[in-house]
Amino acid sequence: MPEPLLKLDHLRKAYGALVVTDDVSLEVRPGELHAIIGPNGAGKTTLIHQMSGLARSDSGRIVFDGHEITRLPMHERVRRGLARSFQITSILPAFSALENVALAVQARSGSSFRMFGDAAREEALNEPALAALNLVNLGHRAHVPAGLLSHGEKRQLELAVALATEPKLLLLDEPLAGTGHEESERVVEILRGLKGRYTIVLIEHDMEAVFALADRVSVLVYGRVIATDTPERVRANAEVRAAYLGEEAA
Amino acid sequence: MSGSIQVAEQVAGARPSTPGLRRYAVPVLLFAALALAPWLAVAAFGAEGYVLSLLSRVMIFAIAAIALDLILGYGALVSFGHAAFLGIGAYSVGILSSHGIEDAFIQLAVTLGASALFALVTGAISLRTKGVYFIMITLAFGQMLFFLATSLAAYGGDDGLTLANKSLVFGQKLIEGDRVFYYVVFGCLLGVYLLGRSIVASRFGRVLRGTRENATRMEAIGYHPFRYQLTAYVISGMMAGLAGFLLANQAEFVSPAYMTWQRSGELIFMVILGGMASLHGAVLGAAAFLLLEEYLAGWTEHWKMIFGPLLILVVLFVRGGIMGLIGRGRDA
């Protein structure tokens, strides 16, 4: 078995008396698409915040690519190849789609303290940015201000921005949130294309999409991982059905 | 003095078609008007000295307003203590002159060095806060410096100190004449404006603008916003320090009044009045603010009764300030 790319080791996070992440241990293997599911309030988003560095962990360890990153700020983790997208679309509305992505390219290429030269015309930034946009089928909308994109397109842009940071691991926080049927099919198709090329942690509400895409699924209930297994076995797991799937399957 | 207003009308009427022309029309006309102003002044008013000194003052505050626009318009950092840098520049000139060091280059170097240092220290502390707290802490630092200046008994305390003459260049009184000084200020303004333009469009500027839109997003793609904000704050402080250096030379007088919190507020007003995040908007704002003040003050001694409500009306009803009126909005 290969070394896990990301390893959560007895991770914990509490807001006051409320324990949101309760002794979570999890391993993400290189190349897999690992989905984390759970009912509302299970602590999925908090967990992804802890992984990405947006929230601090009270105790436990996070090991990424062989190095402990538990105390690293978010921007340092990104530089080591841990990129994330946001559940609530978090793009720069006044920037064009291309510029949104080019900024992510810029973060990895040379100094951002350069004060001369028009950054918007730098081919070295725009070319990889356009490539990332094409990867999510958004190339034709490159010059549209991001704020004017449709909701589904914004979700695609989120993905392109995360991809442009050249991640080793993608943390995707509900990439289908708020999308209509057609839009969500488009995003699922894009995720299918990324699968295998990137290691992905996918937090998602849409069960259909999760079971279609994931190699392994972890189920989070009240801050605890109650099962980690293949989609089929998770679907069959009695505890999972009782805690979570039961009401939906009924 | 009506130069800037004419510019606004011309551009609004012309409606140029290409985006490039639209972007450059206002600043080109604005700076052309300022460059020609000394001749226009003689032709139109015959009172060159008065007009030149008024317009020099406008351009000096325009430099400070550009400095503020750089962090306020492009970085969403509302510094309520920017007059402190005017004071640092002015007192660098005043204090050095009173010790017989009148060389402009030495004074300028001290001005820029002291401004950068003050910005670095206060910025490093202020930028750990956000929103209203940032406003309050920059105000507090500004007030600290103000009270320090009033307590400098050796340098005039409350009353300030008068300079014997303007700074010397190569030991000569080269910038003593109204017209020469006017063009020195004009050159500084143009330089600061072009530097600002370059910064805004650069990689650095794009990170600053991105942080204005969404700081968390910037962290999520690998930036540490604090470093860029602090650098911008230091650059802005140095630009405003330069304005202070020029202000002392223009008035040949230095006093704590240069760095009151009201002055900081006026700078914010100039930026908003002209339209945030365009840089030349800050120049228009400074011009509108100071010329209106001058005009109203000459008209009635109760001019503030008119000036205040007028400013409020502009803020309420003219979104995007003068640049908004011209119809350019801000270029992201």
# chains A, B, ... in the order shown; residues from 1 in each chain; ligands from 1
$ residues_around --residues "stretch 311-327 of chain B" --least-positions-apart "4" --cutoff "9 Å" --atoms "only C-alpha atoms" --output "list in words"
Ala8, Glu9, Val11, Ala12, Val26, Phe269, Val271, Ile272, Leu273, Gly274, Gly275, Met276, Ser278, His280, Gly281, Leu284, Gly285, Ala288, Phe289, Ile306 and Phe307 of chain B
$ select_by_dssp --residues "stretch 28-222 of chain B" --states "strand (DSSP E or B)" --output "ChimeraX atom specification"
/B:103,161-162,168-169,172
$ interface_residues --of "chain A" --to "chain B" --cutoff "8 Å" --atoms "only C-alpha atoms" --output "ChimeraX atom specification"
/A:74-79,83-84,90-95,103-104,106-108,112-120,161-162,165
$ atom_distance --atom1 "atom CA of B:Gln229" --atom2 "atom CA of A:Ser109"
19.7 Å
$ residues_around --residues "stretch 182-195 of chain A" --least-positions-apart "6" --cutoff "9 Å" --atoms "only C-alpha atoms" --output "list in words"
Gly31, Glu32, Leu33, Leu135, Val136, Asn137, His151, Gly152, Glu153, Arg155, Gln156, Pro175, Leu176, Ala209, Leu213 and Ala214 of chain A
$ select_by_dssp --residues "stretch 5-180 of chain A" --states "helix (DSSP H, G or I)" --output "ChimeraX atom specification"
/A:44-52,74-79,97-108,119-121,123-135,139-141,146-148,151-164
$ write_last_selection --atoms "C-alpha atoms" --output "mmCIF file, in the first residue's frame"
data_model
loop_
_atom_site.group_PDB
_atom_site.id
_atom_site.type_symbol
_atom_site.label_atom_id
_atom_site.label_comp_id
_atom_site.auth_asym_id
_atom_site.auth_seq_id
_atom_site.Cartn_x
_atom_site.Cartn_y
_atom_site.Cartn_z
ATOM 1 C CA LYS A 44 -18.009 18.396 6.733
ATOM 2 C CA THR A 45 -17.211 22.012 6.020
ATOM 3 C CA THR A 46 -15.334 22.461 9.295
ATOM 4 C CA LEU A 47 -13.256 19.424 8.428
ATOM 5 C CA ILE A 48 -12.336 20.831 5.014
ATOM 6 C CA HIS A 49 -11.508 24.165 6.684
ATOM 7 C CA GLN A 50 -9.134 22.306 9.004
ATOM 8 C CA MET A 51 -7.523 20.450 6.105
ATOM 9 C CA SER A 52 -7.065 23.610 4.066
ATOM 10 C CA MET A 74 -3.608 28.333 4.361
ATOM 11 C CA HIS A 75 -1.355 30.119 1.874
ATOM 12 C CA GLU A 76 1.615 27.945 2.887
ATOM 13 C CA ARG A 77 -0.421 24.793 2.393
ATOM 14 C CA VAL A 78 -1.469 25.964 -1.055
ATOM 15 C CA ARG A 79 2.171 26.447 -1.951
ATOM 16 C CA ALA A 97 -12.586 34.735 -15.576
ATOM 17 C CA LEU A 98 -9.126 34.640 -17.111
ATOM 18 C CA GLU A 99 -7.710 37.060 -14.540
ATOM 19 C CA ASN A 100 -9.193 35.023 -11.705
ATOM 20 C CA VAL A 101 -7.220 32.040 -12.909
ATOM 21 C CA ALA A 102 -4.139 34.043 -13.936
ATOM 22 C CA LEU A 103 -3.828 35.274 -10.345
ATOM 23 C CA ALA A 104 -3.578 31.683 -9.204
ATOM 24 C CA VAL A 105 -0.932 30.994 -11.849
ATOM 25 C CA GLN A 106 0.915 34.120 -10.776
ATOM 26 C CA ALA A 107 1.042 32.898 -7.176
ATOM 27 C CA ARG A 108 3.238 30.027 -8.309
ATOM 28 C CA ALA A 119 0.243 41.776 -15.622
ATOM 29 C CA ALA A 120 -2.889 41.397 -17.732
ATOM 30 C CA ARG A 121 -0.739 41.033 -20.853
ATOM 31 C CA GLU A 123 1.439 35.479 -21.780
ATOM 32 C CA ALA A 124 3.370 33.402 -19.265
ATOM 33 C CA LEU A 125 0.411 33.865 -16.927
ATOM 34 C CA ASN A 126 -2.448 33.953 -19.408
ATOM 35 C CA GLU A 127 -1.545 30.797 -21.303
ATOM 36 C CA PRO A 128 -1.628 28.396 -18.346
ATOM 37 C CA ALA A 129 -4.700 30.241 -17.109
ATOM 38 C CA LEU A 130 -6.491 29.650 -20.387
ATOM 39 C CA ALA A 131 -5.423 26.013 -20.322
ATOM 40 C CA ALA A 132 -7.015 25.619 -16.876
ATOM 41 C CA LEU A 133 -10.180 27.320 -18.125
ATOM 42 C CA ASN A 134 -10.312 24.935 -21.072
ATOM 43 C CA LEU A 135 -9.937 22.028 -18.675
ATOM 44 C CA GLY A 139 -12.318 28.852 -22.310
ATOM 45 C CA HIS A 140 -14.939 30.645 -24.368
ATOM 46 C CA ARG A 141 -15.907 32.786 -21.359
ATOM 47 C CA ALA A 146 -16.534 36.624 -13.241
ATOM 48 C CA GLY A 147 -19.437 38.333 -11.524
ATOM 49 C CA LEU A 148 -21.496 38.031 -14.717
ATOM 50 C CA HIS A 151 -23.932 30.073 -11.207
ATOM 51 C CA GLY A 152 -22.811 26.868 -12.856
ATOM 52 C CA GLU A 153 -20.036 28.671 -14.690
ATOM 53 C CA LYS A 154 -18.860 30.171 -11.423
ATOM 54 C CA ARG A 155 -18.606 26.650 -10.003
ATOM 55 C CA GLN A 156 -16.526 25.702 -13.040
ATOM 56 C CA LEU A 157 -14.348 28.768 -12.520
ATOM 57 C CA GLU A 158 -13.800 27.761 -8.882
ATOM 58 C CA LEU A 159 -12.416 24.473 -10.174
ATOM 59 C CA ALA A 160 -10.195 26.174 -12.738
ATOM 60 C CA VAL A 161 -8.725 28.473 -10.086
ATOM 61 C CA ALA A 162 -7.962 25.517 -7.809
ATOM 62 C CA LEU A 163 -6.401 23.610 -10.730
ATOM 63 C CA ALA A 164 -4.233 26.578 -11.684
#
$ closest_residue --among "B:Ile135, B:Gly73, B:Phe245, B:Ala62" --to "B:Phe105" --atoms "only C-alpha atoms"
B:Phe245
$ residues_around --residues "A:His10" --least-positions-apart "4" --cutoff "9 Å" --atoms "only C-alpha atoms" --output "ChimeraX atom specification"
/A:22-26,59-62
